[in-house]
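Engineer: Quick one, final.txt (compact mmCIF, C-alpha atoms):
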```
# COMPACT_ATOMS: atom_id res chain seq x y z
CA MET A 1 51.46 9.48 -109.47
CA GLU A 2 51.19 5.84 -110.54
CA ALA A 3 51.88 3.22 -107.91
CA THR A 4 54.92 1.09 -108.66
CA GLU A 5 54.89 -2.64 -108.10
CA PRO A 6 57.16 -3.74 -105.24
CA ASN A 7 60.35 -5.48 -106.33
CA TYR A 8 60.77 -8.60 -104.23
CA THR A 9 63.61 -9.99 -106.34
CA ILE A 10 66.56 -11.36 -104.37
CA THR A 11 69.62 -10.26 -106.31
CA ALA A 12 71.86 -13.12 -105.20
CA LEU A 13 69.32 -15.72 -106.31
CA ASP A 14 68.79 -13.92 -109.58
CA ARG A 15 72.52 -14.03 -110.27
CA ALA A 16 72.78 -17.70 -109.28
CA PHE A 17 70.03 -18.60 -111.76
CA ASP A 18 71.81 -16.60 -114.47
CA ILE A 19 74.97 -18.60 -113.88
CA LEU A 20 73.11 -21.93 -113.89
CA GLN A 21 71.38 -20.97 -117.13
CA ALA A 22 74.70 -19.98 -118.68
CA LEU A 23 76.26 -23.28 -117.63
CA ALA A 24 73.33 -25.23 -119.06
CA GLU A 25 73.82 -23.48 -122.40
CA HIS A 26 77.65 -23.63 -122.30
CA PRO A 27 78.68 -26.93 -120.67
CA GLY A 28 82.35 -27.09 -119.80
CA ALA A 29 82.67 -23.33 -119.40
CA SER A 30 85.40 -21.95 -117.15
CA LEU A 31 84.91 -19.33 -114.45
CA THR A 32 86.28 -16.68 -116.77
CA GLU A 33 83.93 -17.72 -119.56
CA LEU A 34 80.92 -17.73 -117.22
CA ALA A 35 81.88 -14.26 -116.01
CA ARG A 36 82.05 -13.04 -119.60
CA ILE A 37 78.69 -14.64 -120.52
CA THR A 38 76.83 -13.31 -117.48
CA GLY A 39 78.62 -10.00 -117.11
CA TYR A 40 79.46 -10.70 -113.46
CA THR A 41 82.90 -10.43 -111.89
CA ASN A 42 85.19 -13.46 -111.62
CA SER A 43 85.06 -13.32 -107.84
CA LEU A 44 81.25 -13.30 -107.76
CA VAL A 45 81.03 -16.22 -110.19
CA PHE A 46 83.62 -18.12 -108.14
CA ARG A 47 81.62 -17.72 -104.92
CA MET A 48 78.37 -18.68 -106.63
CA ILE A 49 79.89 -21.71 -108.36
CA HIS A 50 81.58 -22.84 -105.13
CA THR A 51 78.27 -22.68 -103.26
CA MET A 52 76.34 -24.52 -106.00
CA GLU A 53 79.08 -27.14 -106.24
CA LYS A 54 78.71 -27.93 -102.54
CA ARG A 55 74.93 -28.28 -103.03
CA GLY A 56 75.27 -30.65 -105.99
CA PHE A 57 74.01 -28.26 -108.66
CA VAL A 58 77.43 -27.86 -110.29
CA GLU A 59 80.39 -30.20 -110.77
CA LYS A 60 84.00 -29.34 -111.47
CA ASN A 61 85.44 -31.28 -114.40
CA ILE A 62 88.51 -33.44 -114.01
CA ASP A 63 90.65 -30.74 -115.61
CA GLY A 64 89.91 -28.56 -112.59
CA GLY A 65 89.23 -25.48 -114.68
CA SER A 66 85.79 -26.05 -116.18
CA TYR A 67 82.33 -26.90 -114.91
CA THR A 68 79.14 -28.72 -115.82
CA LEU A 69 75.76 -29.08 -114.17
CA GLY A 70 75.66 -31.59 -111.35
CA TYR A 71 73.13 -34.30 -110.51
CA GLN A 72 70.83 -32.17 -108.36
CA PRO A 73 69.09 -30.59 -111.38
CA LEU A 74 68.07 -34.12 -112.43
CA PHE A 75 66.18 -34.51 -109.17
CA LEU A 76 64.40 -31.21 -109.75
CA SER A 77 63.57 -32.23 -113.31
CA ALA A 78 62.13 -35.58 -112.23
CA SER A 79 60.13 -33.89 -109.47
CA ALA A 80 58.77 -31.31 -111.93
CA GLU A 81 57.49 -34.08 -114.19
CA ASP A 82 55.55 -35.51 -111.26
CA GLN A 83 54.17 -32.15 -110.10
CA ILE A 84 53.34 -30.03 -113.17
CA PRO A 85 49.74 -30.70 -114.29
CA LEU A 86 50.53 -30.04 -117.95
CA LEU A 87 53.15 -32.79 -118.00
CA GLN A 88 50.96 -35.16 -116.00
CA TYR A 89 48.00 -34.78 -118.32
CA ALA A 90 49.88 -34.56 -121.61
CA ARG A 91 52.17 -37.57 -121.29
CA GLN A 92 49.49 -40.14 -122.14
CA PHE A 93 48.38 -38.34 -125.29
CA VAL A 94 51.91 -37.55 -126.46
CA GLU A 95 52.89 -41.21 -126.15
CA GLU A 96 49.67 -42.46 -127.77
CA LEU A 97 50.06 -40.13 -130.76
CA SER A 98 53.67 -41.18 -131.28
CA ASP A 99 52.79 -44.86 -131.06
CA ARG A 100 49.82 -44.47 -133.42
CA THR A 101 51.73 -42.52 -136.09
CA ASP A 102 55.25 -43.86 -135.56
CA GLN A 103 56.45 -40.25 -135.60
CA SER A 104 58.17 -37.98 -133.08
CA VAL A 105 55.79 -36.01 -130.88
CA ASN A 106 56.89 -33.08 -128.73
CA LEU A 107 55.30 -30.81 -126.14
CA MET A 108 56.66 -27.26 -126.01
CA VAL A 109 56.05 -24.20 -123.87
CA ARG A 110 57.14 -20.59 -124.23
CA GLU A 111 59.98 -19.36 -122.02
CA SER A 112 60.26 -15.61 -122.54
CA LEU A 113 61.48 -15.18 -126.15
CA HIS A 114 62.25 -18.88 -126.67
CA HIS A 115 60.46 -22.20 -126.91
CA LEU A 116 61.33 -25.01 -124.53
CA THR A 117 60.68 -28.70 -125.16
CA VAL A 118 59.28 -30.20 -121.96
CA LEU A 119 58.11 -33.62 -123.15
CA SER A 120 59.09 -35.80 -126.10
CA LYS A 121 58.34 -39.26 -127.45
CA ASP A 122 60.39 -40.39 -130.42
CA PRO A 123 60.45 -43.71 -132.28
CA THR A 124 63.60 -45.76 -132.05
CA ASP A 125 64.39 -45.12 -135.72
CA PRO A 126 67.25 -42.54 -135.69
CA LYS A 127 66.04 -41.08 -139.00
CA HIS A 128 63.07 -39.47 -137.26
CA LEU A 129 63.24 -35.88 -136.09
CA TYR A 130 62.87 -35.19 -132.42
CA ALA A 131 63.69 -32.59 -129.80
CA ARG A 132 64.75 -33.89 -126.43
CA PRO A 133 63.29 -32.32 -123.27
CA GLY A 134 65.18 -29.22 -122.19
CA ARG A 135 66.00 -28.10 -125.72
CA ARG A 136 65.51 -24.35 -126.24
CA GLY A 137 65.19 -22.45 -129.48
CA PRO A 138 63.68 -19.39 -131.16
CA LEU A 139 59.95 -18.76 -131.49
CA TYR A 140 59.98 -17.55 -135.10
CA ILE A 141 60.81 -20.86 -136.78
CA GLY A 142 59.15 -24.28 -136.72
CA GLY A 143 55.67 -25.70 -136.24
CA ALA A 144 55.12 -25.55 -132.48
CA PRO A 145 57.32 -22.48 -131.82
CA LYS A 146 55.21 -20.37 -134.19
CA VAL A 147 52.04 -21.59 -132.46
CA LEU A 148 53.49 -20.38 -129.15
CA LEU A 149 54.46 -17.07 -130.72
CA ALA A 150 51.03 -16.61 -132.30
CA PHE A 151 49.35 -16.82 -128.89
CA ALA A 152 52.02 -14.87 -126.99
CA PRO A 153 51.34 -11.32 -125.71
CA ALA A 154 51.77 -8.51 -128.23
CA ASN A 155 54.95 -7.24 -126.57
CA ILE A 156 56.56 -10.69 -126.89
CA GLN A 157 55.64 -10.92 -130.57
CA SER A 158 57.04 -7.45 -131.18
CA ALA A 159 60.28 -8.28 -129.36
CA VAL A 160 60.76 -11.46 -131.40
CA LEU A 161 59.92 -9.97 -134.78
CA THR A 162 62.08 -6.87 -134.35
CA ARG A 163 65.23 -8.77 -133.45
CA PRO A 164 67.64 -10.38 -135.94
CA MET A 165 66.42 -13.78 -137.11
CA TYR A 166 68.46 -16.66 -138.45
CA SER A 167 67.76 -20.03 -140.05
CA PRO A 168 70.13 -22.76 -141.28
CA ILE A 169 67.73 -23.32 -144.18
CA ASN A 170 67.80 -20.75 -147.01
CA ASN A 171 64.11 -20.96 -147.93
CA THR A 172 62.82 -20.32 -144.39
CA ILE A 173 60.52 -17.31 -144.11
CA LEU A 174 62.28 -14.68 -141.98
CA ASP A 175 60.49 -11.53 -143.13
CA PRO A 176 58.62 -10.09 -140.08
CA ALA A 177 55.60 -9.05 -142.16
CA ASP A 178 55.24 -12.52 -143.66
CA ILE A 179 55.63 -14.18 -140.28
CA ALA A 180 52.99 -11.82 -138.81
CA LYS A 181 50.55 -13.03 -141.49
CA GLN A 182 51.31 -16.63 -140.56
CA LEU A 183 50.71 -15.87 -136.90
CA GLU A 184 47.34 -14.32 -137.69
CA MET A 185 46.23 -17.47 -139.50
CA ILE A 186 47.50 -19.66 -136.64
CA ARG A 187 45.42 -17.65 -134.16
CA ILE A 188 42.34 -18.28 -136.32
CA THR A 189 42.87 -22.02 -136.73
CA GLY A 190 44.85 -22.90 -133.59
CA TYR A 191 47.05 -24.95 -135.87
CA ASN A 192 50.28 -24.71 -137.88
CA GLU A 193 51.91 -26.78 -140.60
CA SER A 194 55.62 -26.34 -141.20
CA ARG A 195 57.81 -27.78 -143.94
CA GLY A 196 61.54 -27.42 -144.44
CA GLU A 197 62.07 -24.73 -141.81
CA LEU A 198 64.45 -26.44 -139.42
CA ASP A 199 65.40 -29.32 -141.71
CA ILE A 200 65.17 -29.19 -145.48
CA ASP A 201 63.56 -32.66 -145.47
CA GLY A 202 61.40 -32.15 -142.38
CA PHE A 203 57.76 -31.43 -141.69
CA SER A 204 55.83 -30.57 -138.56
CA PHE A 205 52.17 -30.34 -137.56
CA ALA A 206 51.42 -28.41 -134.38
CA ALA A 207 48.38 -27.28 -132.41
CA VAL A 208 47.75 -25.00 -129.43
CA ILE A 209 46.86 -26.28 -125.96
CA TYR A 210 44.63 -24.12 -123.76
CA ARG A 211 44.32 -23.64 -120.01
CA ARG A 212 41.01 -23.49 -118.17
CA ASP A 213 40.86 -19.71 -118.67
CA GLY A 214 41.33 -20.03 -122.42
CA SER A 215 44.91 -18.80 -122.56
CA ALA A 216 47.50 -20.79 -124.49
CA VAL A 217 49.79 -22.81 -122.24
CA ALA A 218 51.66 -25.04 -124.69
CA ALA A 219 51.79 -26.55 -128.17
CA VAL A 220 51.96 -30.19 -129.22
CA SER A 221 53.71 -31.11 -132.46
CA LEU A 222 54.34 -34.14 -134.64
CA ALA A 223 57.53 -34.11 -136.72
CA GLY A 224 58.96 -36.37 -139.38
CA ARG A 225 60.54 -36.62 -142.82
CA ALA A 226 58.89 -35.15 -145.88
CA GLY A 227 59.30 -38.41 -147.77
CA GLU A 228 56.90 -40.07 -145.33
CA ILE A 229 53.99 -37.75 -146.05
CA ASP A 230 51.27 -37.90 -148.70
CA PRO A 231 47.72 -36.43 -148.83
CA LYS A 232 46.28 -39.33 -146.80
CA SER A 233 48.96 -39.32 -144.11
CA ARG A 234 48.83 -35.52 -143.94
CA ASP A 235 45.20 -35.65 -142.82
CA PHE A 236 46.01 -38.50 -140.44
CA TYR A 237 48.86 -36.58 -138.79
CA ARG A 238 46.96 -33.29 -138.74
CA ASP A 239 43.85 -34.81 -137.18
CA GLY A 240 45.97 -36.69 -134.65
CA VAL A 241 47.75 -33.54 -133.50
CA MET A 242 44.49 -31.58 -133.25
CA ASP A 243 42.86 -34.39 -131.27
CA ALA A 244 45.81 -34.63 -128.87
CA ALA A 245 45.73 -30.86 -128.30
CA LYS A 246 41.98 -30.99 -127.70
CA ARG A 247 42.22 -33.82 -125.18
CA ILE A 248 45.09 -32.25 -123.26
CA SER A 249 43.23 -28.91 -123.17
CA GLU A 250 40.14 -30.64 -121.82
CA ARG A 251 42.18 -32.31 -119.09
CA LEU A 252 43.46 -28.86 -118.14
CA GLY A 253 39.87 -27.62 -117.82
CA TRP A 254 39.28 -25.98 -121.21
CA SER A 255 35.71 -26.78 -122.27
CA LYS A 256 35.10 -24.48 -125.24
CA TRP A 257 37.17 -26.19 -127.90
CA ARG A 258 36.12 -25.24 -131.38
CA ASN A 259 36.59 -27.72 -134.21
CA VAL A 260 38.67 -26.37 -137.06
CA ALA A 261 37.59 -27.17 -140.62
```
How would this structure read if it were set down as structure tokens?
Structural biologist:
Amino acid sequence: MEATEPNYTITALDRAFDILQALAEHPGASLTELARITGYTNSLVFRMIHTMEKRGFVEKNIDGGSYTLGYQPLFLSASAEDQIPLLQYARQFVEELSDRTDQSVNLMVRESLHHLTVLSKDPTDPKHLYARPGRRGPLYIGGAPKVLLAFAPANIQSAVLTRPMYSPINNTILDPADIAKQLEMIRITGYNESRGELDIDGFSFAAVIYRRDGSAVAAVSLAGRAGEIDPKSRDFYRDGVMDAAKRISERLGWSKWRNVA
């Protein structure tokens, strides 16, 4: 008989995190709506929300019937930026690449079946594309998300590619077989170039970031408008992204970087 791994999960905490996640994704939701989203009873959601409200994680809106996140998550977010090595090491290179190219540069990690933007530097020009920290999205579309998917475990790739996929852009590749071919090439090069997937006029260059043990921990991407790119700038942006990924990986302890032709 195979030994089973002990389950140390605390159910109440698990449910509280589910409710916080639901509120983050549906700001202004009511108790009834949160119960519907999470599948928990109204009374359970009420007790959880009441407790989190007293701790500053949730705030009741002035209408008295809906809720938003409170200020306490901001403290946790600021503390995370000071404590997570990836963010500490990457910030310098993300900012330098953005300043050097005058384009938006983002750092993303994989969170289960989604990508999560954890660091972003965008020029002041509102025409530029950027993803603010905390933004979540699918793994099957975009420059950096596909890099994260390419280096994800096989079961994650299978779960993503066997579920329904959607894109606001008609010409986005959504065929699982075609995406699988893209992922194979990304694993070979450590790099991905995306055009018109999330925005018909957008482009993105992205590269994988490695941990000390050689596993992929994140992806760095540069995004902008297609009208700003030509053969010369393409090489400039591509090389800049690859260099940033290399330097961040080295700061994280990865010493076997292989140059990509």
Engineer: Could you work out how far atom CA of A:Arg100 lies from atom CA of A:Arg132, giving the answer in Å with one decimal?
Structural biologist: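 Atom CA of A:Arg100 lies at a distance of 19.6 Å from atom CA of A:Arg132.
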Engineer: Could you pull the residues within 6 Å of A:His115, counting only C-alpha atoms, minus those fewer than 5 positions along the same chain, as a list in words?
Structural biologist: Val109, Arg110, Arg136, Gly137, Leu139 and Pro145 of chain A
Engineer: Pick out the closest residue to A:Leu44 from this set: A:Ala150, A:Val58, A:Ala16, A:Leu23. Count all atoms listed in the file.
Structural biologist: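 Closest candidate: A:Ala16.
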Engineer: What is the atom CA of A:Asp243-atom CA of A:Arg211 distance in Å, reported with one decimal?
Structural biologist: 15.6 Å
Engineer: Which residue gives the smallest distance to A:Glu184 among A:Gln72, A:Ser215, A:Ser204, A:Gln157, with all atoms listed in the file counted?
Structural biologist: A:Gln157
Engineer: Nearest to A:Asp230: which of A:Phe203, A:Phe46, A:Phe57, A:Phe17 is it, counting only C-alpha atoms?
Structural biologist: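 Smallest distance to A:Asp230 is found for A:Phe203.
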Engineer: When distances are computed from only C-alpha atoms, which of A:Leu148, A:Ile19, A:Val94, A:Ala216 shows the smallest separation from A:Met108?
Structural biologist: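 Among the listed residues, the smallest separation from A:Met108 belongs to A:Leu148.
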Engineer: Which residues, protein or nucleic acid, reach to within 8 Å of (64.7, -25.0, -144.8) in the file's coordinates when using only C-alpha atoms, and can you give that as a PyMOL selection string?
Structural biologist: chain A and resi 167-172+195-201
Engineer: Calculate how many Å separate atom CA of A:Pro85 from atom CA of A:Arg251, rounding to one decimal.
Structural biologist: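 Calculated distance between atom CA of A:Pro85 and atom CA of A:Arg251 is 9.1 Å.
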Engineer: For A:Ala206, which residue among A:Gly143, A:Pro164, A:Gly39, A:Gly240 is the nearest when counting all atoms listed in the file?
Structural biologist: A:Gly143
Engineer: Nearest to A:Lys121: which of A:Ser221, A:Gln21, A:Thr38, A:Asn155 is it, counting all atoms listed in the file?
Structural biologist: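 Using all atoms listed in the file, the shortest distance to A:Lys121 belongs to A:Ser221.
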Engineer: So which residues touch stretch 111-114 of chain A within 12 Å, counting all atoms listed in the file, skipping near sequence neighbours fewer than 6 positions away, as a PyMOL selection string?
Structural biologist: chain A and resi 134-142+144-146+148-149+152-163+217-218
Engineer: Can you put N, CA and C atoms back into stretch 196-208 of chain A and show it as a PDB file, in the frame of the given file?
Structural biologist:
```pdb
ATOM      1  N   GLY A 196      60.211 -27.869-144.054  1.00  0.00           N
ATOM      2  CA  GLY A 196      61.540 -27.420-144.440  1.00  0.00           C
ATOM      3  C   GLY A 196      62.039 -26.180-143.747  1.00  0.00           C
ATOM      4  N   GLU A 197      61.602 -25.934-142.524  1.00  0.00           N
ATOM      5  CA  GLU A 197      62.070 -24.730-141.810  1.00  0.00           C
ATOM      6  C   GLU A 197      63.310 -25.003-140.984  1.00  0.00           C
ATOM      7  N   LEU A 198      63.304 -26.095-140.245  1.00  0.00           N
ATOM      8  CA  LEU A 198      64.450 -26.440-139.420  1.00  0.00           C
ATOM      9  C   LEU A 198      65.316 -27.506-140.076  1.00  0.00           C
ATOM     10  N   ASP A 199      64.716 -28.263-140.966  1.00  0.00           N
ATOM     11  CA  ASP A 199      65.400 -29.320-141.710  1.00  0.00           C
ATOM     12  C   ASP A 199      64.815 -29.327-143.102  1.00  0.00           C
ATOM     13  N   ILE A 200      65.649 -29.303-144.112  1.00  0.00           N
ATOM     14  CA  ILE A 200      65.170 -29.190-145.480  1.00  0.00           C
ATOM     15  C   ILE A 200      64.236 -30.338-145.848  1.00  0.00           C
ATOM     16  N   ASP A 201      64.385 -31.481-145.185  1.00  0.00           N
ATOM     17  CA  ASP A 201      63.560 -32.660-145.470  1.00  0.00           C
ATOM     18  C   ASP A 201      62.552 -32.924-144.363  1.00  0.00           C
ATOM     19  N   GLY A 202      62.282 -31.932-143.523  1.00  0.00           N
ATOM     20  CA  GLY A 202      61.400 -32.150-142.380  1.00  0.00           C
ATOM     21  C   GLY A 202      60.044 -31.505-142.520  1.00  0.00           C
ATOM     22  N   PHE A 203      59.078 -32.050-141.786  1.00  0.00           N
ATOM     23  CA  PHE A 203      57.760 -31.430-141.690  1.00  0.00           C
ATOM     24  C   PHE A 203      57.308 -31.469-140.243  1.00  0.00           C
ATOM     25  N   SER A 204      56.367 -30.623-139.918  1.00  0.00           N
ATOM     26  CA  SER A 204      55.830 -30.570-138.560  1.00  0.00           C
ATOM     27  C   SER A 204      54.386 -30.117-138.594  1.00  0.00           C
ATOM     28  N   PHE A 205      53.543 -30.763-137.787  1.00  0.00           N
ATOM     29  CA  PHE A 205      52.170 -30.340-137.560  1.00  0.00           C
ATOM     30  C   PHE A 205      52.051 -29.992-136.084  1.00  0.00           C
ATOM     31  N   ALA A 206      51.481 -28.856-135.771  1.00  0.00           N
ATOM     32  CA  ALA A 206      51.420 -28.410-134.380  1.00  0.00           C
ATOM     33  C   ALA A 206      50.089 -27.750-134.071  1.00  0.00           C
ATOM     34  N   ALA A 207      49.646 -27.862-132.823  1.00  0.00           N
ATOM     35  CA  ALA A 207      48.380 -27.280-132.410  1.00  0.00           C
ATOM     36  C   ALA A 207      48.502 -26.702-131.007  1.00  0.00           C
ATOM     37  N   VAL A 208      47.695 -25.701-130.719  1.00  0.00           N
ATOM     38  CA  VAL A 208      47.750 -25.000-129.430  1.00  0.00           C
ATOM     39  C   VAL A 208      47.007 -25.793-128.360  1.00  0.00           C
TER      40      VAL A 208
END
```
